[in-house]
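S.K.: Hey, dropping data38.txt in here, compact mmCIF, C-alpha atoms:
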# COMPACT_ATOMS: atom_id res chain seq x y z
CA MET A 1 29.49 14.38 -4.45
CA THR A 2 32.23 17.02 -4.39
CA ASP A 3 33.14 17.15 -0.68
CA ILE A 4 32.82 15.02 2.44
CA GLY A 5 33.73 16.18 5.92
CA SER A 6 34.15 19.83 6.81
CA CYS A 7 32.39 21.66 3.97
CA PRO A 8 31.80 25.36 4.62
CA ALA A 9 28.60 26.62 3.03
CA ARG A 10 29.04 28.57 -0.16
CA PRO A 11 27.08 31.77 -0.81
CA HIS A 12 23.37 31.17 -1.36
CA GLU A 13 23.60 27.53 -0.22
CA SER A 14 21.16 26.26 2.38
CA VAL A 15 22.44 24.33 5.37
CA LEU A 16 20.61 21.35 6.79
CA ASP A 17 21.23 20.58 10.45
CA ALA A 18 20.84 16.79 10.61
CA HIS A 19 20.84 16.86 14.45
CA GLY A 20 23.06 13.79 14.59
CA GLY A 21 21.02 11.74 12.15
CA VAL A 22 22.97 9.16 10.17
CA LEU A 23 23.54 9.81 6.47
CA LEU A 24 23.44 6.59 4.44
CA PRO A 25 23.92 5.77 0.79
CA GLY A 26 20.50 5.64 -0.83
CA LEU A 27 18.87 2.22 -0.72
CA HIS A 28 18.59 0.05 -3.83
CA ASP A 29 15.65 -2.32 -4.35
CA GLN A 30 17.22 -5.24 -6.20
CA HIS A 31 13.99 -6.78 -7.53
CA MET A 32 10.71 -5.09 -8.30
CA HIS A 33 8.17 -4.58 -11.08
CA VAL A 34 7.60 -0.87 -11.55
CA ALA A 35 4.76 -0.93 -14.10
CA ALA A 36 2.82 -3.53 -12.11
CA LEU A 37 3.40 -1.54 -8.91
CA ALA A 38 2.17 1.64 -10.58
CA ALA A 39 -0.98 -0.15 -11.76
CA SER A 40 -1.56 -1.68 -8.33
CA LEU A 41 -1.55 1.75 -6.69
CA THR A 42 -4.74 2.58 -8.60
CA SER A 43 -6.30 -0.86 -8.01
CA VAL A 44 -8.42 -2.31 -5.23
CA ARG A 45 -6.53 -4.39 -2.69
CA CYS A 46 -8.49 -7.61 -2.22
CA GLY A 47 -6.17 -9.93 -0.32
CA PRO A 48 -4.36 -10.34 3.01
CA PRO A 49 -3.82 -8.44 5.21
CA ASP A 50 -6.35 -5.89 3.88
CA VAL A 51 -9.03 -8.48 3.07
CA MET A 52 -9.18 -11.72 5.04
CA ASP A 53 -12.53 -13.39 4.33
CA ALA A 54 -15.22 -13.85 1.69
CA ASP A 55 -17.54 -11.16 3.08
CA ALA A 56 -14.79 -8.53 3.06
CA PHE A 57 -13.79 -9.65 -0.43
CA ALA A 58 -17.31 -9.21 -1.74
CA ALA A 59 -17.62 -5.82 -0.03
CA CYS A 60 -14.42 -4.44 -1.58
CA LEU A 61 -15.52 -5.48 -5.10
CA SER A 62 -19.12 -4.29 -4.83
CA ARG A 63 -18.35 -0.85 -6.22
CA ALA A 64 -20.52 1.19 -8.52
CA GLY A 65 -19.03 2.19 -11.85
CA LYS A 66 -18.98 1.45 -15.54
CA GLY A 67 -15.33 0.89 -16.41
CA TRP A 68 -12.98 -1.92 -15.52
CA LEU A 69 -12.48 -2.70 -11.84
CA ARG A 70 -8.96 -4.04 -11.28
CA ALA A 71 -8.23 -5.82 -8.01
CA THR A 72 -4.86 -7.15 -6.82
CA GLY A 73 -3.26 -9.18 -4.07
CA TYR A 74 -5.84 -11.98 -3.94
CA HIS A 75 -5.04 -15.27 -2.19
CA GLU A 76 -7.26 -18.33 -2.16
CA SER A 77 -7.28 -18.33 1.65
CA VAL A 78 -9.77 -15.43 1.37
CA ALA A 79 -12.59 -17.04 -0.63
CA GLY A 80 -11.19 -20.10 -2.39
CA MET A 81 -10.15 -20.45 -6.01
CA LEU A 82 -12.10 -17.84 -7.97
CA ASP A 83 -13.91 -18.30 -11.25
CA ALA A 84 -16.33 -16.31 -13.41
CA HIS A 85 -19.40 -17.88 -11.77
CA LEU A 86 -18.36 -16.77 -8.28
CA LEU A 87 -17.32 -13.29 -9.43
CA ASP A 88 -20.61 -12.82 -11.31
CA ARG A 89 -22.48 -13.09 -8.02
CA ILE A 90 -20.38 -10.23 -6.61
CA ALA A 91 -20.05 -8.00 -9.68
CA PRO A 92 -22.61 -9.00 -12.32
CA THR A 93 -22.58 -5.83 -14.46
CA ARG A 94 -19.14 -4.23 -14.28
CA PRO A 95 -16.09 -5.78 -16.01
CA LEU A 96 -13.84 -7.15 -13.30
CA ARG A 97 -10.39 -8.72 -13.25
CA VAL A 98 -8.68 -9.96 -10.08
CA GLN A 99 -4.96 -10.70 -9.91
CA HIS A 100 -3.58 -13.46 -7.70
CA ARG A 101 -0.88 -12.19 -5.36
CA SER A 102 1.70 -14.35 -7.13
CA GLY A 103 1.17 -12.22 -10.24
CA ARG A 104 0.77 -15.38 -12.33
CA MET A 105 -3.02 -15.66 -12.53
CA TRP A 106 -5.99 -13.44 -13.41
CA PHE A 107 -9.65 -14.14 -12.67
CA PHE A 108 -12.43 -12.52 -14.76
CA ASN A 109 -16.14 -12.19 -14.28
CA SER A 110 -18.32 -12.90 -17.35
CA VAL A 111 -18.60 -9.25 -18.38
CA GLY A 112 -14.83 -8.84 -18.18
CA LEU A 113 -14.22 -12.10 -20.01
CA ASP A 114 -16.57 -11.09 -22.83
CA ALA A 115 -14.81 -7.72 -23.08
CA VAL A 116 -11.34 -9.21 -23.60
CA LEU A 117 -12.51 -12.00 -25.92
CA ALA A 118 -14.24 -9.41 -28.10
CA ARG A 119 -10.82 -7.88 -28.78
CA ALA A 120 -8.52 -10.91 -29.04
CA ALA A 121 -8.74 -14.63 -29.67
CA ALA A 122 -8.43 -16.74 -26.54
CA PRO A 123 -4.95 -18.12 -25.83
CA PRO A 124 -4.31 -21.65 -24.50
CA GLU A 125 -3.59 -20.13 -21.08
CA LEU A 126 -7.26 -19.09 -20.73
CA GLU A 127 -8.64 -22.08 -18.87
CA ARG A 128 -11.52 -24.04 -20.40
CA ILE A 129 -13.32 -26.91 -18.69
CA GLY A 130 -16.03 -28.90 -20.45
CA GLY A 131 -15.90 -26.52 -23.38
CA ARG A 132 -16.58 -23.43 -21.24
CA TYR A 133 -14.15 -20.75 -20.09
CA THR A 134 -13.73 -20.59 -16.32
CA GLY A 135 -12.50 -17.00 -16.27
CA ARG A 136 -8.98 -18.03 -15.18
CA LEU A 137 -5.96 -16.84 -17.15
CA PHE A 138 -2.54 -18.31 -16.33
CA ASP A 139 0.82 -16.68 -17.06
CA ASN A 140 -0.07 -14.57 -20.10
CA ASP A 141 0.04 -10.88 -19.24
CA ASP A 142 1.25 -10.09 -22.76
CA TRP A 143 -2.01 -11.35 -24.27
CA LEU A 144 -4.05 -9.45 -21.70
CA LYS A 145 -2.23 -6.19 -22.41
CA GLN A 146 -2.84 -6.64 -26.11
CA ALA A 147 -6.52 -7.50 -25.59
CA LEU A 148 -7.05 -4.44 -23.39
CA GLY A 149 -4.96 -2.16 -25.58
CA SER A 150 -3.23 -0.98 -22.43
CA GLU A 151 -0.27 1.39 -22.31
CA PRO A 152 2.37 1.47 -19.56
CA PRO A 153 1.18 3.63 -16.64
CA SER A 154 2.76 6.73 -15.19
CA PHE A 155 5.50 5.95 -12.68
CA CYS A 156 5.04 9.17 -10.70
CA ALA A 157 3.35 7.53 -7.71
CA VAL A 158 6.04 4.85 -7.60
CA GLY A 159 8.85 7.41 -7.62
CA SER A 160 7.20 9.28 -4.77
CA LEU A 161 6.55 6.15 -2.73
CA LEU A 162 10.14 4.95 -3.06
CA GLY A 163 11.56 8.37 -2.22
CA ARG A 164 9.63 8.39 1.06
CA VAL A 165 11.41 5.23 2.19
CA GLY A 166 14.89 6.28 1.05
CA VAL A 167 15.13 4.21 -2.15
CA THR A 168 17.30 5.96 -4.73
CA GLY A 169 17.76 3.09 -7.17
CA LEU A 170 15.91 0.00 -8.35
CA THR A 171 16.26 -3.06 -10.52
CA ASP A 172 13.18 -3.85 -12.57
CA MET A 173 12.98 -7.62 -13.04
CA SER A 174 10.01 -7.98 -15.37
CA PRO A 175 10.94 -10.68 -17.91
CA ALA A 176 9.00 -9.01 -20.76
CA ASN A 177 10.95 -5.74 -20.58
CA ASP A 178 11.98 -4.86 -24.11
CA ALA A 179 13.04 -1.78 -26.12
CA ARG A 180 9.51 -0.35 -25.94
CA MET A 181 9.41 -0.59 -22.17
CA ALA A 182 12.92 0.87 -21.98
CA MET A 183 11.62 3.89 -23.90
CA HIS A 184 8.83 4.31 -21.36
CA PHE A 185 11.28 4.15 -18.45
CA ALA A 186 13.46 6.73 -20.19
CA ALA A 187 10.52 9.09 -20.65
CA GLU A 188 9.41 8.74 -17.02
CA MET A 189 12.95 9.35 -15.79
CA ARG A 190 13.46 12.33 -18.08
CA THR A 191 10.43 14.09 -16.57
CA GLN A 192 11.46 13.08 -13.03
CA SER A 193 8.25 11.09 -12.61
CA LEU A 194 10.66 8.31 -11.69
CA PRO A 195 13.74 10.02 -10.23
CA GLN A 196 15.40 6.77 -9.13
CA GLY A 197 18.26 5.27 -11.08
CA VAL A 198 17.22 2.10 -12.90
CA MET A 199 18.83 -1.18 -13.79
CA LEU A 200 16.53 -2.74 -16.39
CA ALA A 201 16.51 -6.52 -16.64
CA GLY A 202 14.29 -8.35 -19.08
CA ALA A 203 14.21 -9.96 -22.51
CA LEU A 204 17.24 -11.23 -24.39
CA SER A 205 16.52 -8.54 -26.99
CA LEU A 206 17.35 -5.71 -24.58
CA SER A 207 20.72 -4.10 -25.25
CA GLU A 208 22.88 -1.18 -24.22
CA ARG A 209 21.50 0.93 -27.06
CA ASP A 210 18.08 0.82 -25.33
CA MET A 211 19.46 2.39 -22.15
CA ALA A 212 18.99 6.14 -21.61
CA ASN A 213 20.67 8.46 -19.12
CA GLY A 214 20.37 7.07 -15.59
CA MET A 215 19.68 3.53 -16.83
CA ARG A 216 21.85 0.43 -16.81
CA LEU A 217 21.32 -2.79 -18.70
CA GLY A 218 20.47 -5.59 -16.33
CA PRO A 219 20.47 -9.38 -16.56
CA ALA A 220 18.41 -11.43 -18.99
CA LYS A 221 15.44 -12.63 -16.95
CA LEU A 222 14.23 -16.22 -17.08
CA HIS A 223 10.99 -16.96 -15.25
CA LEU A 224 10.67 -20.68 -14.45
CA HIS A 225 7.27 -22.16 -13.60
CA GLU A 226 7.39 -25.52 -11.85
CA ALA A 227 4.10 -26.67 -13.40
CA HIS A 228 5.35 -25.96 -16.94
CA LEU A 229 9.12 -26.22 -16.95
CA PRO A 230 10.64 -25.76 -20.42
CA PRO A 231 13.00 -28.41 -21.82
CA LEU A 232 16.35 -28.16 -20.05
CA ASP A 233 18.13 -27.69 -23.38
CA GLU A 234 16.08 -24.51 -23.98
CA VAL A 235 17.05 -23.09 -20.61
CA ILE A 236 20.71 -23.89 -21.21
CA ALA A 237 20.50 -22.21 -24.63
CA PHE A 238 18.91 -19.11 -23.04
CA VAL A 239 21.76 -18.84 -20.52
CA ARG A 240 24.40 -19.27 -23.21
CA SER A 241 22.75 -16.71 -25.48
CA ALA A 242 22.71 -14.15 -22.68
CA HIS A 243 26.35 -14.81 -21.83
CA GLU A 244 27.38 -14.54 -25.48
CA ALA A 245 25.75 -11.09 -25.52
CA GLY A 246 27.76 -10.14 -22.43
CA ARG A 247 24.79 -10.28 -20.08
CA PRO A 248 24.39 -12.33 -16.91
CA VAL A 249 21.13 -14.14 -16.23
CA ALA A 250 18.61 -13.76 -13.43
CA VAL A 251 16.56 -16.92 -12.93
CA HIS A 252 13.28 -16.93 -11.02
CA ALA A 253 13.31 -19.90 -8.63
CA ALA A 254 10.51 -19.74 -6.05
CA THR A 255 10.28 -23.49 -5.36
CA GLU A 256 12.89 -26.11 -4.60
CA VAL A 257 12.21 -27.81 -7.94
CA GLU A 258 12.68 -24.53 -9.82
CA LEU A 259 15.89 -23.86 -7.91
CA VAL A 260 17.39 -27.28 -8.69
CA TYR A 261 16.39 -26.87 -12.35
CA ALA A 262 17.93 -23.40 -12.54
CA LEU A 263 21.19 -24.54 -10.97
CA SER A 264 21.41 -27.51 -13.34
CA ALA A 265 20.97 -25.26 -16.37
CA VAL A 266 23.45 -22.60 -15.28
CA ASN A 267 25.99 -25.23 -14.30
CA GLU A 268 25.72 -26.89 -17.72
CA ALA A 269 25.89 -23.57 -19.58
CA GLY A 270 28.68 -22.26 -17.39
CA ALA A 271 28.23 -19.50 -14.84
CA MET A 272 29.19 -15.90 -15.55
CA ALA A 273 29.98 -13.08 -13.12
CA GLY A 274 26.70 -11.40 -12.23
CA ASP A 275 24.47 -14.47 -12.67
CA ARG A 276 21.83 -14.47 -9.95
CA ILE A 277 18.97 -16.46 -8.51
CA GLU A 278 15.78 -14.54 -7.79
CA HIS A 279 13.94 -15.50 -4.59
CA ALA A 280 15.55 -18.88 -3.76
CA SER A 281 12.44 -19.17 -1.59
CA VAL A 282 13.15 -22.77 -0.56
CA ALA A 283 16.87 -23.53 -0.38
CA PRO A 284 18.15 -26.67 1.37
CA ASP A 285 21.80 -26.81 2.40
CA SER A 286 22.77 -28.66 -0.77
CA ALA A 287 21.40 -25.82 -2.91
CA VAL A 288 23.11 -23.16 -0.78
CA ASN A 289 26.43 -24.96 -1.23
CA GLU A 290 25.91 -25.31 -4.98
CA ILE A 291 25.06 -21.62 -5.35
CA SER A 292 28.24 -20.78 -3.47
CA ARG A 293 30.35 -23.16 -5.56
CA MET A 294 29.07 -21.64 -8.80
CA GLY A 295 29.68 -18.06 -7.64
CA LEU A 296 26.05 -16.99 -8.05
CA ALA A 297 24.34 -14.15 -6.23
CA VAL A 298 20.90 -14.39 -4.61
CA VAL A 299 18.22 -11.71 -4.34
CA THR A 300 15.76 -12.47 -1.56
CA GLN A 301 12.58 -10.97 -0.08
CA PRO A 302 12.91 -11.03 3.72
CA GLN A 303 9.49 -9.41 4.21
CA PHE A 304 7.69 -12.51 2.91
CA VAL A 305 8.44 -14.26 6.20
CA HIS A 306 6.39 -11.54 7.89
CA GLU A 307 3.77 -10.95 5.19
CA ARG A 308 3.10 -14.59 4.26
CA GLY A 309 4.67 -16.54 7.10
CA ASP A 310 1.42 -17.60 8.73
CA ARG A 311 0.23 -19.07 5.40
CA TYR A 312 3.59 -20.79 4.97
CA ARG A 313 3.15 -22.40 8.37
CA ALA A 314 -0.27 -23.65 7.28
CA ASP A 315 0.64 -24.74 3.74
CA VAL A 316 4.32 -25.76 3.82
CA ASP A 317 5.61 -28.94 5.42
CA GLU A 318 7.26 -28.11 8.75
CA SER A 319 10.48 -29.79 7.67
CA SER A 320 10.91 -27.05 5.04
CA TRP A 321 10.38 -24.07 7.36
CA PRO A 322 14.11 -23.69 8.14
CA HIS A 323 14.79 -23.47 4.38
CA LEU A 324 12.36 -20.60 3.66
CA TYR A 325 13.89 -17.30 2.56
CA ARG A 326 17.27 -18.07 4.05
CA LEU A 327 19.65 -15.25 4.87
CA ARG A 328 22.44 -16.12 7.29
CA ALA A 329 23.13 -19.44 5.53
CA PHE A 330 23.88 -17.63 2.28
CA LEU A 331 26.13 -15.10 4.01
CA HIS A 332 28.03 -17.86 5.83
CA ALA A 333 28.53 -19.64 2.50
CA GLY A 334 29.97 -16.46 0.97
CA VAL A 335 27.04 -15.91 -1.39
CA PRO A 336 26.50 -12.25 -2.40
CA LEU A 337 23.03 -11.46 -1.07
CA GLY A 338 20.75 -8.58 -2.01
CA GLY A 339 17.29 -7.52 -0.91
CA GLY A 340 14.41 -6.85 -3.25
CA SER A 341 10.74 -6.22 -2.59
CA ASP A 342 9.15 -8.03 -5.57
CA ALA A 343 6.64 -5.15 -5.37
CA PRO A 344 3.74 -5.10 -5.97
CA PHE A 345 3.71 -8.80 -5.07
CA GLY A 346 5.45 -7.89 -1.83
CA GLY A 347 5.54 -4.73 0.24
CA ALA A 348 7.75 -1.96 -1.18
CA ASP A 349 9.09 -0.77 2.21
CA PRO A 350 12.72 -1.93 2.61
CA TRP A 351 12.74 -1.00 6.29
CA ALA A 352 9.89 -3.42 7.00
CA ALA A 353 11.89 -6.05 5.11
CA MET A 354 14.97 -5.28 7.21
CA GLN A 355 12.96 -5.64 10.41
CA ALA A 356 11.62 -8.98 9.18
CA ALA A 357 15.18 -10.10 8.40
CA VAL A 358 16.14 -9.35 12.00
CA SER A 359 13.05 -10.75 13.74
CA ARG A 360 11.99 -13.58 11.38
CA ARG A 361 8.49 -13.10 12.81
CA THR A 362 5.19 -13.62 11.00
CA ARG A 363 2.26 -11.23 11.37
CA GLY A 364 0.87 -13.61 13.97
CA GLY A 365 4.10 -13.48 15.97
CA ALA A 366 5.42 -16.95 15.14
CA CYS A 367 9.09 -17.41 14.27
CA ILE A 368 10.25 -19.03 11.05
CA GLY A 369 13.90 -19.99 10.73
CA ASP A 370 15.34 -18.02 13.64
CA ALA A 371 18.80 -19.36 12.71
CA GLU A 372 18.55 -17.23 9.54
CA ALA A 373 18.08 -13.93 11.42
CA LEU A 374 20.46 -11.09 10.57
CA THR A 375 21.86 -8.24 12.62
CA PRO A 376 20.42 -4.80 11.78
CA GLU A 377 23.69 -3.96 10.02
CA GLN A 378 23.51 -7.08 7.86
CA ALA A 379 19.86 -6.37 7.06
CA LEU A 380 20.67 -2.81 5.96
CA ASP A 381 23.52 -4.13 3.86
CA LEU A 382 21.06 -6.09 1.68
CA TYR A 383 19.96 -2.72 0.24
CA LEU A 384 23.44 -1.22 -0.06
CA ARG A 385 24.77 -3.79 -2.53
CA ASP A 386 25.96 -2.66 -5.96
CA PRO A 387 23.32 -3.96 -8.40
CA SER A 388 26.00 -4.60 -11.04
CA ASP A 389 28.14 -6.60 -8.62
CA MET A 390 26.47 -7.65 -5.39
CA SER A 391 29.76 -8.75 -3.93
CA ARG A 392 30.48 -5.01 -3.50
CA ARG A 393 28.88 -2.56 -1.09
CA ARG A 394 28.05 0.93 -2.33
CA ARG A 395 29.82 3.63 -0.26
CA LEU A 396 29.84 7.40 -0.08
CA PHE A 397 32.95 9.05 -1.44
CA VAL A 398 33.88 12.07 -3.52
CA GLY A 399 33.02 11.51 -7.14
CA VAL A 400 29.98 9.25 -6.76
CA SER A 401 26.43 10.39 -7.35
CA ALA A 402 24.87 12.06 -4.29
CA ASP A 403 22.20 9.39 -3.76
CA LEU A 404 21.55 9.72 -0.06
CA CYS A 405 19.16 8.64 2.67
CA LEU A 406 19.14 10.77 5.82
CA LEU A 407 17.64 9.33 9.00
CA ASP A 408 16.30 11.44 11.86
CA ARG A 409 18.51 9.76 14.48
CA PRO A 410 21.93 8.13 14.89
CA TRP A 411 22.30 4.56 13.68
CA ALA A 412 22.77 3.37 17.27
CA GLU A 413 19.13 4.34 17.85
CA ALA A 414 17.71 3.50 14.42
CA ARG A 415 19.03 -0.06 14.53
CA ARG A 416 16.79 -0.82 17.50
CA SER A 417 13.65 -0.13 15.47
CA LEU A 418 14.13 -0.35 11.72
CA SER A 419 11.35 1.81 10.32
CA ALA A 420 10.67 4.04 7.33
CA ALA A 421 9.31 6.56 9.82
CA HIS A 422 12.96 7.41 10.58
CA VAL A 423 13.68 8.53 6.99
CA ARG A 424 13.98 12.30 7.23
CA ALA A 425 15.10 13.09 3.68
CA CYS A 426 16.08 11.43 0.43
CA PHE A 427 18.35 12.87 -2.26
CA ILE A 428 18.91 11.52 -5.77
CA ARG A 429 21.84 12.90 -7.76
CA GLY A 430 21.98 15.75 -5.26
CA ARG A 431 18.33 16.73 -5.67
CA ARG A 432 15.96 16.45 -2.73
CA VAL A 433 13.06 14.19 -3.66
CA PHE A 434 11.61 13.82 -0.16
CA GLU A 435 11.76 15.53 3.22
CA ARG A 436 9.75 14.83 6.32
CA ASP A 437 8.52 17.83 8.34
CA VAL A 438 11.72 19.81 7.95
CA GLY A 439 10.38 23.10 6.63
CA VAL A 440 13.37 23.86 4.41
CA SER A 441 13.03 23.30 0.69
CA GLY A 442 15.42 22.98 -2.18
CA TRP A 443 18.63 22.14 -0.35
CA PRO A 444 21.55 21.85 -2.74
CA ILE A 445 24.06 19.15 -1.91
Represent the structure of the file as structure tokens.

M.R.:
Amino acid sequence: MTDIGSCPARPHESVLDAHGGVLLPGLHDQHMHVAALAASLTSVRCGPPDVMDADAFAACLSRAGKGWLRATGYHESVAGMLDAHLLDRIAPTRPLRVQHRSGRMWFFNSVGLDAVLARAAAPPELERIGGRYTGRLFDNDDWLKQALGSEPPSFCAVGSLLGRVGVTGLTDMSPANDARMAMHFAAEMRTQSLPQGVMLAGALSLSERDMANGMRLGPAKLHLHEAHLPPLDEVIAFVRSAHEAGRPVAVHAATEVELVYALSAVNEAGAMAGDRIEHASVAPDSAVNEISRMGLAVVTQPQFVHERGDRYRADVDESSWPHLYRLRAFLHAGVPLGGGSDAPFGGADPWAAMQAAVSRRTRGGACIGDAEALTPEQALDLYLRDPSDMSRRRRLFVGVSADLCLLDRPWAEARRSLSAAHVRACFIRGRRVFERDVGVSGWPI
């Protein structure tokens, strides 16, 4: 940005009358998975809220075709725990794979299972009971990619989707991100398929030399799984290795056990500025206080209270409801707090997440943890944090990149109904990437 305030138009410059709409810094999604989101946009949605029962599930998968059918977003509340036998009754001839909404499990029908096993030997994570494969694959996307010979998808649809909701930057938190994936991000950004700025987290092997123009090196990502926790010494060694390379860590902790384990490891290794906890989905007061004491940041997903809250009320003990996806408790404890979508495993609309942070309402209208509700300003602030240092808020001033989100009304009105429908235009590095029914194109900034 070269000027703020009274800026007379130069010759040949277009002028946009914002009609009193508020101009914000562009939003930053602090936790998402771009490649998985891109793939999901060309997949069949087969879980809540799109698909709610077994009949609807069968109907959405009963599609004619010869190639792979990829379905995402499944939850066992729809039709129970899937296996090849059940899926064969729905899709007996077309190769089918269904992803659980957690992103940690795939289900195959027999045709699909035969197709992948013809290309790669079965890993231990491919479940076998009584000597027979069930069609369930746990936590091994790397093997599946190799078996399918898949290449990273185009990010064009993701860039467009994020521009429409005012997102100008993102942090990709996929733990397998390596130099090869960094090259793909660089290519997609170079062609403007993905115009957003990127912080790339991932494997310990990632380094500054892998980062291209518009990219920043992010934390080393550690994905803990409560059912298969690694030895604590290994986790401590991972944290220390990252710190020795000058990188903070980002530790996935979606359960209370995972959170306690993560805090124990980081405490033993020694915390570093920029270390962060991803999700902190269940955080009792003791964990909140420990996170604060250690100087860690937290990246949360406020929209899960809305998207999954009714299932939480059914599946989670009521005593834990106040500890789900906490917000105000972290702020009161002085913990830097950022908002991320976890897309495609959560909705990619930050405005819907902001509204959920304010209302704390489920889809069914129930309230979960009303003491954790934020003001609209605090909710917006979750997406204005500096991804390199979430204790700082990004601001507009001369000299920074013109990453901007223009709303169609003043903030005093927008705060009453936080909605992506109010995003009038989005600019990244001064270039318009989205406008809503304005009729003027190519505005320079």

S.K.: Could you jot down the atom CA of A:Ala242 to atom CA of A:Ala203 separation for me, Å, one decimal place?

M.R.: 9.5 Å

S.K.: Which centre and which edge lengths, in Å to one decimal, describe the axis-aligned box that holds all listed atoms of stretch 62-71 of chain A after 5 Å is added on each side, as lines of an AutoDock Vina configuration file?

M.R.:
center_x = -14.4
center_y = -1.8
center_z = -10.6
size_x = 22.3
size_y = 18.0
size_z = 21.6

S.K.: Write out as an NGL selection string each polymer residue whose atoms come within 8 Å of A:Gln196, counting only C-alpha atoms; drop sequence neighbours fewer than 2 positions from it.

M.R.: :A and (159 or 167-170 or 189 or 194 or 198 or 428)

S.K.: Choose the residue, out of A:Gly347, A:Gly364, A:Pro124, A:Pro284, that has the smallest atom-to-atom separation from A:Arg101; count all atoms listed in the file.

M.R.: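 Looking only at the distances to A:Arg101, the closest residue turns out to be A:Gly347.
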
S.K.: Which residues are near A:Arg308? Cut-off 9 Å, only C-alpha atoms, ignore same chain within fewer than 5 positions. Put them as a list in words.

M.R.: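 My list of contacting residues is Pro48, Gln303, Arg313, Thr362 and Arg363 of chain A.
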
S.K.: Pop stretch 350-361 of chain A out of the structure in the block and write N, CA and C atoms as a short mmCIF file (atom, residue, chain, number, x, y, z; two decimals), in the first residue's frame.

M.R.:
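The resulting file, part27.cif, is shown below:
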data_model
loop_
_atom_site.label_atom_id
_atom_site.label_comp_id
_atom_site.auth_asym_id
_atom_site.auth_seq_id
_atom_site.Cartn_x
_atom_site.Cartn_y
_atom_site.Cartn_z
N PRO A 350 -14.98 -18.34 6.90
CA PRO A 350 -14.61 -17.78 8.20
C PRO A 350 -15.72 -16.98 8.84
N TRP A 351 -16.63 -16.44 8.03
CA TRP A 351 -17.72 -15.65 8.59
C TRP A 351 -18.71 -16.54 9.33
N ALA A 352 -18.95 -17.73 8.81
CA ALA A 352 -19.80 -18.68 9.53
C ALA A 352 -19.13 -19.09 10.84
N ALA A 353 -17.79 -19.23 10.82
CA ALA A 353 -17.07 -19.55 12.05
C ALA A 353 -17.17 -18.40 13.05
N MET A 354 -17.04 -17.16 12.56
CA MET A 354 -17.19 -16.01 13.46
C MET A 354 -18.57 -16.00 14.10
N GLN A 355 -19.61 -16.24 13.30
CA GLN A 355 -20.96 -16.23 13.85
C GLN A 355 -21.12 -17.32 14.90
N ALA A 356 -20.51 -18.48 14.66
CA ALA A 356 -20.57 -19.57 15.64
C ALA A 356 -19.82 -19.19 16.92
N ALA A 357 -18.72 -18.44 16.78
CA ALA A 357 -17.97 -18.00 17.95
C ALA A 357 -18.79 -17.04 18.80
N VAL A 358 -19.65 -16.28 18.17
CA VAL A 358 -20.50 -15.33 18.88
C VAL A 358 -21.72 -16.01 19.49
N SER A 359 -22.35 -16.91 18.74
CA SER A 359 -23.61 -17.52 19.19
C SER A 359 -23.41 -18.77 20.03
N ARG A 360 -22.36 -19.57 19.71
CA ARG A 360 -22.12 -20.87 20.33
C ARG A 360 -23.33 -21.80 20.18
N ARG A 361 -24.02 -21.67 19.04
CA ARG A 361 -25.22 -22.46 18.79
C ARG A 361 -24.93 -23.60 17.82
#
